[in-house]
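Shown next: my_file-v6.csv, containing CSV, C-alpha atoms (C1' of nucleotides).
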chain,number,residue,atom,x,y,z
A,230,MET,CA,0.0,0.0,0.0
A,231,ALA,CA,1.3,3.4,-1.0
A,232,GLU,CA,1.3,5.5,2.2
A,233,SER,CA,2.0,9.1,2.4
A,234,PRO,CA,5.1,9.8,4.6
A,235,TYR,CA,4.6,9.8,8.3
A,236,ASN,CA,4.7,13.3,9.8
A,237,THR,CA,7.3,13.2,12.6
A,238,ILE,CA,8.4,15.5,15.3
A,239,PHE,CA,11.6,15.1,17.2
A,240,PHE,CA,12.2,16.1,20.9
A,241,GLY,CA,15.8,16.2,22.2
A,242,THR,CA,18.5,18.5,23.4
A,243,PRO,CA,22.0,17.3,24.0
A,244,GLU,CA,24.8,15.7,21.9
A,245,PHE,CA,23.2,12.3,22.3
A,246,ALA,CA,20.3,13.3,20.1
A,247,ILE,CA,22.5,14.3,17.1
A,248,PRO,CA,23.0,10.9,15.5
A,249,ILE,CA,19.4,10.2,16.2
A,250,ILE,CA,18.3,13.1,14.1
A,251,HIS,CA,20.6,12.1,11.3
A,252,ALA,CA,19.0,8.6,11.4
A,253,LEU,CA,15.5,10.1,11.5
A,254,ILE,CA,15.9,12.3,8.4
A,255,GLY,CA,17.5,9.4,6.6
A,256,ILE,CA,14.3,7.3,6.8
A,257,PRO,CA,12.4,8.0,3.6
A,258,THR,CA,9.0,7.1,5.0
A,259,LEU,CA,9.3,9.8,7.6
A,260,ASN,CA,8.8,13.5,7.1
A,261,THR,CA,10.4,15.3,9.9
A,262,VAL,CA,8.3,18.5,10.3
A,263,ALA,CA,9.7,20.0,13.4
A,264,VAL,CA,12.3,19.7,16.2
A,265,VAL,CA,11.6,20.6,19.8
A,266,THR,CA,14.5,21.5,22.1
A,267,GLN,CA,15.2,23.4,25.3
A,268,PRO,CA,15.4,27.2,25.1
A,269,ASP,CA,18.7,28.9,24.6
A,270,LYS,CA,20.3,29.6,27.9
A,271,PRO,CA,23.0,32.0,29.1
A,272,VAL,CA,26.0,29.8,29.1
A,273,GLY,CA,29.7,30.1,29.1
A,274,ARG,CA,32.1,32.3,30.8
A,275,HIS,CA,30.6,35.7,30.1
A,276,HIS,CA,27.0,34.6,30.0
A,277,SER,CA,26.7,34.5,26.3
A,278,PHE,CA,23.8,32.6,24.8
A,279,GLN,CA,24.3,29.3,23.2
A,280,SER,CA,21.9,27.1,21.3
A,281,PRO,CA,21.6,23.4,22.2
A,282,PRO,CA,23.4,21.0,19.8
A,283,VAL,CA,20.1,19.8,18.4
A,284,LYS,CA,19.0,23.4,17.4
A,285,GLN,CA,22.3,24.0,15.6
A,286,LEU,CA,21.9,20.9,13.6
A,287,ALA,CA,18.2,21.5,12.8
A,288,GLU,CA,18.9,24.9,11.6
A,289,LYS,CA,21.6,23.5,9.3
A,290,LEU,CA,19.1,21.0,7.9
A,291,ALA,CA,16.4,23.7,7.6
A,292,ILE,CA,14.0,22.0,9.9
A,293,PRO,CA,11.8,24.3,12.0
A,294,VAL,CA,12.8,24.5,15.6
A,295,LEU,CA,10.5,25.0,18.6
A,296,GLN,CA,11.9,26.0,22.0
A,297,PRO,CA,9.0,26.3,24.5
A,298,GLU,CA,9.8,27.2,28.1
A,299,LYS,CA,6.9,25.0,29.2
A,300,ILE,CA,5.5,22.3,27.1
A,301,SER,CA,2.3,21.8,29.0
A,302,THR,CA,0.7,25.1,28.0
A,303,PRO,CA,-2.5,25.0,25.8
A,304,GLU,CA,-0.7,27.1,23.2
A,305,PHE,CA,2.1,24.6,22.7
A,306,VAL,CA,-0.3,21.6,22.7
A,307,MET,CA,-2.2,23.4,19.9
A,308,THR,CA,1.0,24.0,18.0
A,309,ILE,CA,2.0,20.4,18.1
A,310,ALA,CA,-1.5,19.2,17.2
A,311,GLY,CA,-1.5,21.6,14.3
A,312,LEU,CA,1.6,19.8,12.8
A,313,HIS,CA,-0.5,16.6,12.6
A,314,PRO,CA,2.3,14.3,13.7
A,315,ALA,CA,1.8,10.6,13.1
A,316,VAL,CA,4.6,9.8,15.6
A,317,VAL,CA,6.9,11.8,17.9
A,318,VAL,CA,10.5,10.6,18.6
A,319,VAL,CA,12.2,11.6,21.8
A,320,ALA,CA,15.9,11.3,22.7
A,321,ALA,CA,17.0,12.7,26.0
A,322,TYR,CA,14.6,15.6,26.1
A,323,GLY,CA,14.7,15.4,29.9
A,324,LYS,CA,11.1,16.2,30.8
A,325,ILE,CA,8.1,14.1,31.4
A,326,ILE,CA,5.6,14.6,28.6
A,327,PRO,CA,2.1,15.5,29.7
A,328,GLU,CA,-0.8,13.3,28.6
A,329,SER,CA,-2.3,16.1,26.6
A,330,LEU,CA,0.7,15.9,24.3
A,331,LEU,CA,1.1,12.1,24.4
A,332,ALA,CA,-2.5,11.7,23.1
A,333,ILE,CA,-1.8,13.7,19.9
A,334,PRO,CA,0.1,11.4,17.4
A,335,ARG,CA,-1.7,8.4,16.1
A,336,HIS,CA,1.3,6.1,16.6
A,337,GLY,CA,2.2,7.6,20.0
A,338,TRP,CA,5.6,8.8,21.3
A,339,ILE,CA,8.7,6.8,20.9
A,340,ASN,CA,11.7,7.2,23.2
A,341,ILE,CA,15.3,6.1,22.8
A,342,HIS,CA,16.7,5.3,26.2
A,343,ALA,CA,20.4,4.6,26.9
A,344,SER,CA,20.0,1.4,28.9
A,345,LEU,CA,18.5,-2.0,28.8
A,346,LEU,CA,15.2,-1.2,30.3
A,347,PRO,CA,13.8,-2.0,32.8
A,348,LYS,CA,17.3,-1.5,34.2
A,349,LEU,CA,18.4,2.1,34.9
A,350,ARG,CA,15.2,4.0,34.3
A,351,GLY,CA,15.9,7.7,34.7
A,352,ALA,CA,18.2,10.5,33.8
A,353,SER,CA,21.7,9.1,33.9
A,354,PRO,CA,21.8,5.6,32.6
A,355,ILE,CA,25.1,5.9,30.9
A,356,GLN,CA,26.9,7.2,34.0
A,357,HIS,CA,25.4,4.5,36.2
A,358,ALA,CA,26.2,1.7,33.9
A,359,ILE,CA,29.9,2.6,34.5
A,360,LEU,CA,29.5,3.6,38.1
A,361,GLN,CA,27.9,0.3,39.0
A,362,GLY,CA,30.4,-1.7,37.1
A,363,PHE,CA,28.0,-3.2,34.6
A,364,SER,CA,29.5,-5.7,32.2
A,365,GLU,CA,26.9,-4.8,29.6
A,366,THR,CA,24.3,-2.2,28.8
A,367,GLY,CA,22.5,-1.0,25.7
A,368,VAL,CA,19.8,1.1,24.2
A,369,THR,CA,16.0,0.6,24.2
A,370,LEU,CA,13.4,1.8,21.8
A,371,MET,CA,10.2,2.2,23.7
A,372,LYS,CA,6.7,3.5,23.7
A,373,MET,CA,6.3,6.4,26.1
A,374,ASP,CA,3.6,6.5,28.7
A,375,ALA,CA,2.7,8.9,31.4
A,376,THR,CA,5.5,7.9,33.8
A,377,LEU,CA,9.2,8.0,33.2
A,378,ASP,CA,10.8,5.1,31.2
A,379,THR,CA,8.0,2.6,32.0
A,380,GLY,CA,6.4,2.1,28.6
A,381,TYR,CA,6.3,-0.9,26.3
A,382,ILE,CA,9.6,-2.0,24.7
A,383,ILE,CA,9.8,-2.1,20.9
A,384,ALA,CA,13.4,-3.1,20.5
A,385,GLN,CA,16.7,-3.4,22.3
A,386,GLU,CA,20.3,-3.7,21.5
A,387,LYS,CA,23.1,-4.7,23.8
A,388,VAL,CA,26.6,-3.5,24.1
A,389,ILE,CA,29.5,-5.0,26.1
A,390,LEU,CA,31.3,-2.4,28.3
A,391,ALA,CA,35.0,-2.1,27.5
A,392,PRO,CA,37.3,-2.5,30.6
A,393,ARG,CA,38.3,1.1,30.5
A,394,GLU,CA,35.0,2.5,29.3
A,395,THR,CA,34.4,6.2,30.0
A,396,PHE,CA,31.3,8.3,29.8
A,397,VAL,CA,32.4,9.7,26.5
A,398,THR,CA,33.2,6.4,24.8
A,399,LEU,CA,30.0,4.7,26.1
A,400,HIS,CA,27.9,7.7,25.2
A,401,ASN,CA,29.2,7.7,21.6
A,402,LYS,CA,28.7,4.0,21.3
A,403,LEU,CA,25.1,4.2,22.6
A,404,ALA,CA,24.2,7.2,20.5
A,405,ARG,CA,25.4,5.4,17.4
A,406,LEU,CA,23.6,2.2,18.4
A,407,GLY,CA,20.5,4.2,19.2
A,408,SER,CA,20.4,5.7,15.8
A,409,LYS,CA,20.9,2.2,14.2
A,410,LEU,CA,18.1,0.8,16.3
A,411,LEU,CA,15.8,3.6,15.3
A,412,LYS,CA,16.5,3.1,11.7
A,413,ALA,CA,16.0,-0.6,11.9
A,414,ALA,CA,12.9,-0.8,14.1
A,415,LEU,CA,10.8,2.4,13.9
A,416,VAL,CA,9.2,1.8,10.5
A,417,PRO,CA,8.5,-1.9,11.1
A,418,TYR,CA,6.8,-0.9,14.3
A,419,LEU,CA,4.7,1.7,12.6
A,420,ASN,CA,3.7,-0.8,10.0
A,421,GLY,CA,2.7,-3.3,12.7
A,422,LYS,CA,5.5,-5.7,11.9
A,423,LEU,CA,7.0,-5.3,15.4
A,424,THR,CA,4.9,-5.7,18.5
A,425,ALA,CA,5.9,-3.9,21.7
A,426,TYR,CA,5.9,-5.8,25.0
A,427,PRO,CA,5.7,-4.7,28.6
A,428,GLN,CA,8.6,-4.2,30.9
A,429,ASN,CA,9.0,-6.4,34.0
A,430,ASP,CA,8.5,-3.8,36.7
A,431,LYS,CA,9.8,-6.1,39.4
A,432,ILE,CA,13.4,-6.0,38.2
A,433,ALA,CA,13.4,-2.2,37.4
A,434,THR,CA,16.2,-0.1,38.7
A,435,TYR,CA,16.4,3.7,38.8
A,436,CYS,CA,19.0,6.4,38.5
A,437,SER,CA,18.5,10.1,39.1
A,438,ALA,CA,20.1,13.0,37.4
A,439,ILE,CA,23.7,13.7,38.1
A,440,LYS,CA,24.3,16.9,40.0
A,441,LYS,CA,27.4,19.0,40.2
A,442,GLN,CA,28.1,17.8,43.7
A,443,ASP,CA,28.0,14.2,42.6
A,444,GLY,CA,31.4,14.7,41.0
A,445,LEU,CA,33.2,15.1,44.4
A,446,ILE,CA,35.5,12.2,45.0
A,447,ASN,CA,35.1,10.2,48.2
A,448,TRP,CA,38.7,9.1,49.0
A,449,LYS,CA,37.4,6.8,51.7
A,450,SER,CA,36.2,4.3,49.1
A,451,PRO,CA,38.1,1.5,47.3
A,452,ALA,CA,40.4,2.5,44.4
A,453,GLU,CA,38.3,0.5,41.9
A,454,GLN,CA,35.2,2.5,42.8
A,455,ILE,CA,37.0,5.9,42.5
A,456,ASP,CA,38.4,4.7,39.2
A,457,ARG,CA,34.8,4.0,37.9
A,458,HIS,CA,33.7,7.3,39.4
A,459,VAL,CA,36.4,9.2,37.3
A,460,ARG,CA,35.4,7.3,34.2
A,461,ALA,CA,31.7,8.0,34.7
A,462,MET,CA,31.9,11.7,35.8
A,463,THR,CA,34.3,13.0,33.1
A,464,PRO,CA,33.8,15.4,31.5
A,465,TRP,CA,30.7,16.5,33.4
A,466,PRO,CA,30.5,17.2,36.2
A,467,GLY,CA,34.1,16.0,36.5
A,468,ALA,CA,35.6,14.0,39.2
A,469,PHE,CA,37.1,16.6,41.6
A,470,THR,CA,38.6,17.0,44.9
A,471,ILE,CA,40.0,19.9,47.0
A,472,GLY,CA,43.7,20.2,47.7
A,473,ASP,CA,45.7,23.2,49.0
A,474,GLY,CA,42.5,25.3,48.7
A,475,GLN,CA,42.1,24.6,45.0
A,476,THR,CA,39.8,22.4,43.1
A,477,ILE,CA,41.6,19.6,41.4
A,478,LYS,CA,40.0,17.6,38.7
A,479,ILE,CA,41.1,14.0,38.3
A,480,LEU,CA,40.9,13.2,34.6
A,481,GLY,CA,42.7,9.9,34.2
A,482,THR,CA,43.3,7.1,36.7
A,483,GLU,CA,44.5,3.5,36.9
A,484,VAL,CA,44.1,1.1,39.8
A,485,LEU,CA,47.5,-0.2,41.1
A,486,ASP,CA,47.9,-3.6,42.8
A,487,GLU,CA,49.8,-2.1,45.7
A,488,THR,CA,49.0,-0.4,49.0
A,489,HIS,CA,50.6,2.3,51.0
A,490,ARG,CA,50.4,3.6,54.5
A,491,GLU,CA,49.5,7.1,53.8
A,492,PRO,CA,46.0,8.0,55.0
A,493,SER,CA,43.3,7.9,52.3
A,494,GLY,CA,43.1,11.1,50.2
A,495,THR,CA,46.8,11.7,50.2
A,496,LEU,CA,48.4,12.6,46.9
A,497,HIS,CA,52.0,11.5,46.8
A,498,TYR,CA,55.0,10.3,44.8
A,499,PHE,CA,55.6,6.6,45.0
A,500,ASN,CA,57.7,4.3,42.9
A,501,GLY,CA,58.0,7.0,40.1
A,502,LYS,CA,54.3,7.6,40.0
A,503,LEU,CA,51.8,10.1,41.1
A,504,VAL,CA,49.4,8.2,43.3
A,505,ALA,CA,46.5,8.7,45.7
A,506,SER,CA,45.8,6.6,48.7
A,507,THR,CA,42.3,5.3,49.0
A,508,LEU,CA,40.4,3.1,51.4
A,509,SER,CA,41.9,0.1,49.8
A,510,GLY,CA,44.4,0.1,47.0
A,511,LEU,CA,46.5,2.8,45.4
A,512,LEU,CA,45.1,4.9,42.5
A,513,HIS,CA,47.6,6.0,39.9
A,514,ILE,CA,46.8,9.5,38.7
A,515,THR,CA,47.7,9.7,35.0
A,516,SER,CA,46.2,13.1,34.2
A,517,LEU,CA,44.6,15.9,36.2
A,518,GLN,CA,43.7,19.6,36.1
A,519,VAL,CA,44.3,22.2,38.7
A,520,GLU,CA,41.9,25.1,39.0
A,521,GLY,CA,42.8,27.9,36.6
A,522,ARG,CA,45.2,25.7,34.6
A,523,LYS,CA,45.1,23.5,31.6
A,524,PRO,CA,44.8,19.7,31.9
A,525,MET,CA,48.1,18.1,32.6
A,526,SER,CA,49.6,14.7,32.3
A,527,GLU,CA,51.1,13.2,35.4
A,528,LYS,CA,54.6,14.0,34.2
A,529,GLU,CA,53.8,17.6,33.6
A,530,PHE,CA,52.2,18.0,37.0
A,531,LEU,CA,55.2,16.4,38.7
A,532,ASN,CA,57.6,18.8,36.9
A,533,GLY,CA,56.0,21.8,38.5
A,534,PHE,CA,54.1,20.6,41.6
A,535,LYS,CA,56.4,18.0,43.1
A,536,SER,CA,57.4,20.3,45.9
A,537,LYS,CA,53.8,20.4,47.2
A,538,LEU,CA,53.7,16.7,47.7
A,539,PRO,CA,52.5,14.9,49.7
A,540,LEU,CA,49.2,16.7,49.5
A,541,ARG,CA,46.1,16.1,51.5
A,542,MET,CA,42.9,16.0,49.4
A,543,THR,CA,39.6,16.5,51.2
A,544,SER,CA,36.3,14.9,50.2
B,1496,C,C1',29.3,44.7,32.6
B,1497,G,C1',28.1,37.3,36.7
B,1498,C,C1',32.7,35.6,40.3
B,1499,G,C1',37.8,34.1,40.2
B,1500,G,C1',42.9,32.0,38.7
B,1501,G,C1',46.6,32.4,34.9
B,1502,G,C1',50.1,33.8,30.4
B,1503,U,C1',58.3,33.6,32.5
B,1504,A,C1',63.3,28.5,27.9
B,1505,G,C1',60.2,22.9,24.0
B,1506,A,C1',56.8,21.2,28.7
B,1507,G,C1',55.3,22.1,33.9
B,1508,C,C1',56.3,25.8,37.6
B,1509,A,C1',59.1,29.6,41.2
B,1510,G,C1',60.3,34.5,41.2
B,1511,U,C1',56.2,41.7,44.3
B,1512,A,C1',61.5,46.9,41.8
B,1513,G,C1',68.1,45.8,41.7
B,1514,C,C1',72.7,40.3,37.0
B,1515,A,C1',65.9,35.7,34.8
B,1516,G,C1',65.6,30.7,38.2
B,1517,C,C1',63.9,25.3,39.4
B,1518,U,C1',62.2,20.3,37.7
B,1519,C,C1',61.7,17.6,33.1
B,1520,G,C1',63.0,17.4,28.1
B,1521,C,C1',66.9,18.5,24.3
B,1522,C,C1',72.4,18.7,22.5
B,1523,G,C1',77.7,17.2,23.7
B,1524,G,C1',80.9,14.3,26.8
B,1525,G,C1',82.2,10.8,31.2
B,1526,C,C1',80.9,6.3,33.7
B,1527,U,C1',78.8,1.1,33.3
B,1528,C,C1',76.8,1.3,39.1
B,1529,A,C1',70.4,-1.1,34.8
B,1530,U,C1',65.3,-0.8,35.3
B,1531,A,C1',62.6,7.3,38.0
B,1532,A,C1',70.3,5.3,35.5
B,1533,U,C1',73.8,8.7,37.0
B,1534,C,C1',77.8,12.5,36.8
B,1535,C,C1',80.1,16.8,34.0
B,1536,G,C1',79.3,20.5,30.4
B,1537,G,C1',76.0,23.2,26.9
B,1538,A,C1',72.1,25.3,23.9
B,1539,G,C1',67.6,27.5,24.4
B,1540,G,C1',63.7,33.6,27.2
B,1541,U,C1',61.5,40.4,22.9
B,1542,C,C1',59.0,37.4,31.0
B,1543,G,C1',51.2,37.6,26.3
B,1544,U,C1',50.8,42.8,23.4
B,1545,G,C1',50.8,48.2,23.6
B,1546,G,C1',51.4,52.4,26.6
B,1547,G,C1',52.6,54.8,31.5
B,1548,U,C1',55.5,55.7,36.3
B,1549,G,C1',60.7,54.9,38.2
B,1550,C,C1',67.9,55.8,38.2
B,1551,A,C1',66.1,50.8,37.5
B,1552,A,C1',59.9,47.0,35.8
B,1553,A,C1',58.7,39.8,34.9
B,1554,U,C1',57.5,42.7,39.4
B,1555,C,C1',53.8,49.0,40.2
B,1556,C,C1',49.6,51.7,37.0
B,1557,C,C1',46.2,51.8,32.4
B,1558,A,C1',44.3,49.4,28.0
B,1559,C,C1',43.9,45.2,24.9
B,1560,C,C1',44.6,39.8,23.4
B,1561,C,C1',44.6,34.6,24.8
B,1562,C,C1',44.0,30.2,28.2
B,1563,C,C1',41.5,28.1,32.4
B,1564,G,C1',38.3,27.2,37.1
B,1565,C,C1',33.4,28.6,39.2
B,1566,A,C1',28.5,29.8,38.1
B,1567,A,C1',24.5,28.9,34.5
Would you write out, as structure tokens, the structure that this file holds?
Amino acid sequence: MAESPYNTIFFGTPEFAIPIIHALIGIPTLNTVAVVTQPDKPVGRHHSFQSPPVKQLAEKLAIPVLQPEKISTPEFVMTIAGLHPAVVVVAAYGKIIPESLLAIPRHGWINIHASLLPKLRGASPIQHAILQGFSETGVTLMKMDATLDTGYIIAQEKVILAPRETFVTLHNKLARLGSKLLKAALVPYLNGKLTAYPQNDKIATYCSAIKKQDGLINWKSPAEQIDRHVRAMTPWPGAFTIGDGQTIKILGTEVLDETHREPSGTLHYFNGKLVASTLSGLLHITSLQVEGRKPMSEKEFLNGFKSKLPLRMTS
RNA sequence: CGCGGGGUAGAGCAGUAGCAGCUCGCCGGGCUCAUAAUCCGGAGGUCGUGGGUGCAAAUCCCACCCCCGCAA
């Protein structure tokens, strides 16, 4: 049957949504009529305004962009209804969609979530997959309902975590995988060739949004856990600590199979390496950044800061 | 005018008015004691840019450029 293209609207804001948009516009049976993203906000060092990544891309592709402050207003609901979407695709928009909007498209709202639901429902699935030491995670294409990340599952794809997986590497993998999954499963679902199935709520786990303060390193935890913390929190909010009155960002670490008597939270020089003592095990610091300075390798740091060691770091 | 730190040798830093220094790297040589090698010697700097004050400015004053932390 020769169908007219599905009118589609996309909701999303950050970097993660970029490959998704590319996938979306690459599907010939879809007609992407608008992109909805968060409003521009004063950002950067001098409070200049910057557009979210999604807006910048949409403008390049000449797709109309909507940036409502509130999406639950009658005006915005009217606007969306006026575009007659058959389906709405969401990737990391970050807000719960009210039912007045959910009811509009004939085929509902489809979300791409960066975990194997029902595991890690919520706002920071990528970080928590690393923090909690998962051996695998993935992306889920799901039907949205009135509560967060609880809808029927359309398709899933797994990925094995690399041993040194960081937020950035995993984020990129999952974004790519998500766009592939969308390309492969969305149209079959719309055509009724894929049937969505419910999540098992009994095994659901949750993760809340990462806040700035979550980046603070607790030196009274095992070296392995701090290492995962660094990999999950970099680049935002960054794994940081305070030493000598300055914020120090820990950028790269490695767990050493050695111990040392220094109290946990001490930065010192040991066997030719810059190391931090933890609750159990030594953490090799391979790169770091002192407040007001550029990121430095361990070697560069030692050249100039060796005289300050050993240094107590507070958590 | 959001708050703050910084720009000094290839890299990382010290130096608040009086001959520009330290660690690493680099080049040359010694030694063979390996594994952070080590010892001796050496090269390498318009101290971000422009102006001002001073007998004298990396250092004090003014303007500008660039980098970074916070905040959002």
Task: Neighbour list for range 381-397 of chain A as a ChimeraX atom specification, cut-off 7 Å, only C-alpha atoms (C1' of nucleotides), skip fewer than 4 positions in-chain - done: /A:345,355-356,364-372,401,414,423-428,460-463
The selected residues should be written to file as a PDB file, in the frame of the given file (atoms: C-alpha atoms).
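Dumped to again34.pdb:
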ATOM      1  CA  LEU A 345      18.500  -2.000  28.800  1.00  0.00           C
ATOM      2  CA  ILE A 355      25.100   5.900  30.900  1.00  0.00           C
ATOM      3  CA  GLN A 356      26.900   7.200  34.000  1.00  0.00           C
ATOM      4  CA  SER A 364      29.500  -5.700  32.200  1.00  0.00           C
ATOM      5  CA  GLU A 365      26.900  -4.800  29.600  1.00  0.00           C
ATOM      6  CA  THR A 366      24.300  -2.200  28.800  1.00  0.00           C
ATOM      7  CA  GLY A 367      22.500  -1.000  25.700  1.00  0.00           C
ATOM      8  CA  VAL A 368      19.800   1.100  24.200  1.00  0.00           C
ATOM      9  CA  THR A 369      16.000   0.600  24.200  1.00  0.00           C
ATOM     10  CA  LEU A 370      13.400   1.800  21.800  1.00  0.00           C
ATOM     11  CA  MET A 371      10.200   2.200  23.700  1.00  0.00           C
ATOM     12  CA  LYS A 372       6.700   3.500  23.700  1.00  0.00           C
ATOM     13  CA  ASN A 401      29.200   7.700  21.600  1.00  0.00           C
ATOM     14  CA  ALA A 414      12.900  -0.800  14.100  1.00  0.00           C
ATOM     15  CA  LEU A 423       7.000  -5.300  15.400  1.00  0.00           C
ATOM     16  CA  THR A 424       4.900  -5.700  18.500  1.00  0.00           C
ATOM     17  CA  ALA A 425       5.900  -3.900  21.700  1.00  0.00           C
ATOM     18  CA  TYR A 426       5.900  -5.800  25.000  1.00  0.00           C
ATOM     19  CA  PRO A 427       5.700  -4.700  28.600  1.00  0.00           C
ATOM     20  CA  GLN A 428       8.600  -4.200  30.900  1.00  0.00           C
ATOM     21  CA  ARG A 460      35.400   7.300  34.200  1.00  0.00           C
ATOM     22  CA  ALA A 461      31.700   8.000  34.700  1.00  0.00           C
ATOM     23  CA  MET A 462      31.900  11.700  35.800  1.00  0.00           C
ATOM     24  CA  THR A 463      34.300  13.000  33.100  1.00  0.00           C
TER      25      THR A 463
END
TODO: Enumerate, as an MDAnalysis selection string, the protein, DNA and RNA residues whose atoms approach (6.6, 28.3, 27.1) to within 12 Å, taking into account all atoms listed in the file and the coordinate frame of the file.
DONE: chainID A and resid 265:268 295:306 308
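Using all atoms listed in the file, the shortest contact distance between Pro257 in chain A and any of A:Lys412, A:Met307, A:Ala352, A:His336 is found at A:Lys412.
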- [ ] Could you list the residues in chain B lying within 8 Å of chain A, using all atoms listed in the file, and format the result as a PyMOL selection string?
- [x] chain B and resi 1497+1500-1501+1506-1508+1518-1519+1531+1562-1564+1567
With 4 Å of padding per side, what axis-aligned box (centre and edge lengths, Å, one decimal) covers all the listed atoms of range 1503-1509 of chain B? Give it as lines of an AutoDock Vina configuration file.
center_x = 59.3
center_y = 27.4
center_z = 32.6
size_x = 16.0
size_y = 20.4
size_z = 25.2
- [ ] Please indicate the distance in Å from CA of Val317 in chain A to CA of Arg350 in chain A, rounded to one decimal place.
- [x] 20.0 Å
